[in-house]
Amino acid sequence: MNSRLQPSVLVLLFFCVGTFFKLSAQDNLSQDSVDFMIASWHGIPEAVVATVGLASGAHGLDEVPGALYLITSKELDRFAYTDPLRALRTVAGVNITEEDGFGLRPNIGLRGSGTDRSSRITIMEDGILITPAPYTASAAYYFPSIARMSSIEILKGSSQIAFGPQTASGAINLISTLIPKKTEAKFDMAMGSFGGAQFHLTVGSTSHKPKGSFSYLIELLQLQSDGFKAIDNVSGVNMSGFVDEMSTGFSKSDRLIKLRYSTPSSNNLKQSIEVKMSDVSEISNETYLGLSKSDFEQSPLLRYAASAKDVMNASQSQVVITHTAFPLPNIEMKTDLYRTSFARNWYKLDRIVDSTGMVLSLKTILDYPEIYSESFSYLKGYSTPLETRLDVKANNRNYFSRGVQHRTKIKFGVPHSFDELSPARQNQIIFGIRIHTDGVDRFQWRDSYAMRDGIMMLSELGIHGTAGNRVETAIAIASYVRATLHFKNLTLTPGLRSEIINFERTDFGSSDLDRAGEGEYRSNFVRALLPGLGFNYRINTYLDAFAGIHRGFIPPGSNPETSPEYSLNYELGLRFSSRFAAAQLVVFSNEYSNLLGADMNASGGSGSGDLFNGGSAQARGLELEFTIDPFSDGPFDHLSLPIRLAYTYTDAKFTHSFNSELQAWGEVEIGDAIPYIAPHQLSIVTSVVSGKFSTDLSARYTSEINTEAAPKFSDSGMSIQSSIIIDSSIRYNFTDTKSASIGITNLLNSVYEVSRRPYGLRPNMPRAVRLRLSLLLPSR
């Protein structure tokens with residue numbers, strides 16, 4: 001495909017698609033066709049559209065400015081993934097980069113934004129910012145467990161007016177388990193390959209009393225695995241399991257409670273208050289150390305002996321208090337008070353100091369193992385001389401995020417509907433404000449080890465604080481206003497967002513470990529106004545055209561010499577629905593200026609977390625989604641055969657030459673590809689449902705990917721191969737409340753490189769089989 005989407009081609013493409021949809025539509029659209037479009041295509045019952053966080057008060061798809069997709073609980077339950085990347089890969093416009101095979105710290109981008117630690121998109125849980133420090137340190141070293149989510153909202157386009165601080169490309173909102181309307185308990189248990197296990201229990205109830213209704217939910221989730229990689233040493237002995245700390249697996253526990261009180265429906269002032277409390281603990285024996293090319297080709301599931309000490313210890317807790325009130329029939333007010341804390345210490349190999357005293361980065365050693373053969377041998381377990389040491393860094397950090405946010409929605413005007421099947425719509429205006437503060441405290445050190453016949457031996461304890469001793473905070477006031485205005489077939493959604501941020505950083509360095517002095521101080525004050533406009537035009541009962549334009553923004557951090565990143569983002573789309581099929585076609589263009597990149601270990605940098613400006617860049621592309629169920633009516637209506645296709649084309653490149661301090665970019669020329677953005681992605685998901693039996697199949701193709709800023713695929717050393725992954729699942733429902741399923745991920749046991757960052761090649765997860773049992777206690 002030509003890298004430039006020519007306007008004439010786009011016009012012709014839209015004309016042909018629109019003509020086809022018009023000719024294929026029937027004269028009369030029944031309510032069944034509306035249900036199919038909502039349930040099978042967008043997966044959203046009309047009642048749910050009104051409450052989803054990303055829709056921000058929308059009552060129909062025409063009121064959502066931008067391309068919205070909701071992964072429903074039914075879709076999540078189909079394969080019962082615990083890896084969020086596998087759940088998201090079926091959505092057009094989503095860019096992912098795998099890392100550990102489990103999705104513990106996913107790398108997600110939208111529409112060519114870049115995937116580094118999901119730091120360039122806004123991530124929320126139940127509408128609350130969920131990354132450890134969304135303004136100060138937006139890298140997602142914590143990501144909510146997908147196994148306890150009831151749905152996932154993905155929004156791209158001009159709806160970014162309502163969500164931030166990262167507004168360049170899109171937002172993801174994870175919806176946690178809902179409080180049941182009646183007494184209900186559910187238990188899931190799964191066991192599988194590589195010692196994988198999942199235990200998930202939810203218990204909840206709602207009781208209605210004269211003085212109001214009282215609801216609660218208790219949820220417990222345990223995920224664990226022994227890991228699929230093996231730690232080897234020079235003797236050829238597999239060291240996994242030799243001692244506990246040589247495991248390559250993980251253990252993660254989630255605990256959550258929700259409590260809610262709602263006033264009686266007879267009250268003049270209807271309101272509710274909900275308290276959500278949760279905490280998460282994780283131990284994962286994960287590393288940033290990959291493999292050399294030759295070792296990957298011979299044994300892709302190998303881990304070097306020098307990674308045996310690598311482990312992440314993390315804990316996260318959150319409290320959210322939500323008050324919702326309806327002072328008048330046309331006014332809704334919602335206020336959230338939230339506090340989140342996250343502590344983690346990722347203890348992992350950082351560098352090698354050789355016998356000459358030279359400090360060598362792991363990336364340098366693995367990129368040139370022949371040149372640095374001595375240091376490379378130490379990674380593999382050969383004994384080190386006395387003068388050589390392996391430095392393991394304790395990346396010890398504490399994060400906090402807290403604030404209050406409020407939204408008021410006011411409806412006005414005469415209700416209007418397009419036809420007799422469409423629900424009546426009213427004009428509305430939404431005001432939102434959030435007062436927020438977050439920060440990160442780094443207090444890090446390096447311990448030195450010697451290698452003795454494949455075993456790492458502690459030789460010197462580091463002094464705490466000598467490898468990073470600073471505090472960074474941000475205070476932000478974000479506000480927005482967005483209107484939804486109906487004019488017969490046309491719906492307009494204009495909006496304006498404001499961000500006012502003050503960043504501060506105090507670096508105490510290695511000489512003031514008690515932090516008694518003033519330290520090295522810097523600050524950065526930022527203001528941004530971000531307008532946007534979306535429209536939806538109902539061409540006929542089956543076909544809608546929509547478009548949007550908005551100004552994107554990425555905060556610059558505490559360095560006053562770093563500028564904010566701005567972008568101008570456009571989209572133009574068609575949305576079609578009939579009784580048997582639904583489709584969406586979107587073209588998009590994101591034009592970036594002062595592109596920001598972060599110096600993170602995850603992307604091969606030093607881990608300082610500092611942001612650097614690049615030049616300008618551009619991401620253009622096309623998204624096509626299509627769903628059909630040929631057996632939804634007729635003689636085979638006892639069967640269901642839904643088929644869903646999602647294709648994404650992305651041309652993401654730099655449009656300015658520059659020399660960056662950021663190692664992931666380096667020396668950039670005009671036209672160089674932005675790293676880790678696949679030009680082509682194709683996903684096909686199909687199911688066969690007959691009575692109590694169902695089977696599901698998911699296939700995903702990802703084209704070759706550049707791993708460095710360079711002309712596309714100019715050098716095999718700067719790219720990773722294309723891949724095809726197929727997953728399957730078979731389910732049998734014994735009763736309405738009891739079911740069993742067997743799922744297989746990577747059915748063909750394909751082996752491919754998922755990344756070259758930060759240090760060396762990393763493999764995908766091999767074939768894995770999982771048996772799952774589900775029990776739902778009948779509600780009453």
# chains A, B, ... in the order shown; residues from 1 in each chain; ligands from 1
call {"tool": "residues_around", "arguments": {"residues": "stretch 570-574 of chain A", "least_positions_apart": "6", "cutoff": "8 Å", "atoms": "only C-alpha atoms", "output": "list in words"}}
result
Phe14, Gly18, Gly66, Gly157, Leu543, Asp544, Ala545, Phe546, Ala547, Gly548, Ile549, His550, Gln584, Leu585, Val586, Val587, Phe588, Ser589 and Asn590 of chain A
call {"tool": "atom_distance", "arguments": {"atom1": "atom CA of A:Ser593", "atom2": "atom CA of A:Ser169"}}
result
13.6 Å
call {"tool": "residues_around", "arguments": {"residues": "A:Gly691", "least_positions_apart": "4", "cutoff": "12 Å", "atoms": "only C-alpha atoms", "output": "list of chain:residue names"}}
result
A:Asp637, A:His638, A:Leu639, A:Ser640, A:Thr695, A:Arg731, A:Tyr732, A:Asn733, A:Phe734, A:Thr735, A:Asp736
call {"tool": "write_last_selection", "arguments": {"atoms": "C-alpha atoms", "output": "PDB file, in the first residue's frame"}}
result
ATOM      1  CA  ASP A 637     -31.314 -19.203  13.438  1.00  0.00           C
ATOM      2  CA  HIS A 638     -30.623 -21.894  16.064  1.00  0.00           C
ATOM      3  CA  LEU A 639     -26.955 -21.394  15.185  1.00  0.00           C
ATOM      4  CA  SER A 640     -24.801 -18.321  15.635  1.00  0.00           C
ATOM      5  CA  THR A 695     -16.092 -22.647  19.984  1.00  0.00           C
ATOM      6  CA  ARG A 731     -16.828 -24.042  25.979  1.00  0.00           C
ATOM      7  CA  TYR A 732     -19.638 -26.253  27.228  1.00  0.00           C
ATOM      8  CA  ASN A 733     -22.456 -24.881  29.394  1.00  0.00           C
ATOM      9  CA  PHE A 734     -23.738 -27.676  31.626  1.00  0.00           C
ATOM     10  CA  THR A 735     -26.458 -25.367  32.934  1.00  0.00           C
ATOM     11  CA  ASP A 736     -27.088 -21.643  32.995  1.00  0.00           C
TER      12      ASP A 736
END
call {"tool": "select_by_dssp", "arguments": {"residues": "stretch 320-372 of chain A", "states": "alpha helix (DSSP H)", "output": "ChimeraX atom specification"}}
result
/A:362-367
call {"tool": "closest_residue", "arguments": {"among": "A:Tyr647, A:Ser138, A:Arg551, A:Lys348", "to": "A:Ala474", "atoms": "only C-alpha atoms"}}
result
A:Ser138
call {"tool": "closest_residue", "arguments": {"among": "A:Ser278, A:Gln428, A:Leu217, A:Gly170", "to": "A:Ala185", "atoms": "only C-alpha atoms"}}
result
A:Leu217
call {"tool": "atom_distance", "arguments": {"atom1": "atom CA of A:Thr287", "atom2": "atom CA of A:Asp447"}}
result
16.0 Å
call {"tool": "select_by_dssp", "arguments": {"residues": "stretch 287-374 of chain A", "states": "strand (DSSP E or B)", "output": "PyMOL selection string"}}
result
chain A and resi 289+291+302-303+311-328+331-353+359-361
call {"tool": "residues_around", "arguments": {"residues": "A:Tyr449", "least_positions_apart": "3", "cutoff": "9 Å", "atoms": "only C-alpha atoms", "output": "number ranges by chain"}}
result
A: 388-392, 456-461
call {"tool": "residues_around", "arguments": {"residues": "A:Thr263", "least_positions_apart": "5", "cutoff": "7 Å", "atoms": "only C-alpha atoms", "output": "PyMOL selection string"}}
result
chain A and resi 211-213+270-272
call {"tool": "atom_distance", "arguments": {"atom1": "atom CA of A:Ser315", "atom2": "atom CA of A:Phe400"}}
result
11.9 Å
call {"tool": "closest_residue", "arguments": {"among": "A:Thr702, A:Thr648, A:Ser253, A:Ser375", "to": "A:Val91", "atoms": "only C-alpha atoms"}}
result
A:Thr648
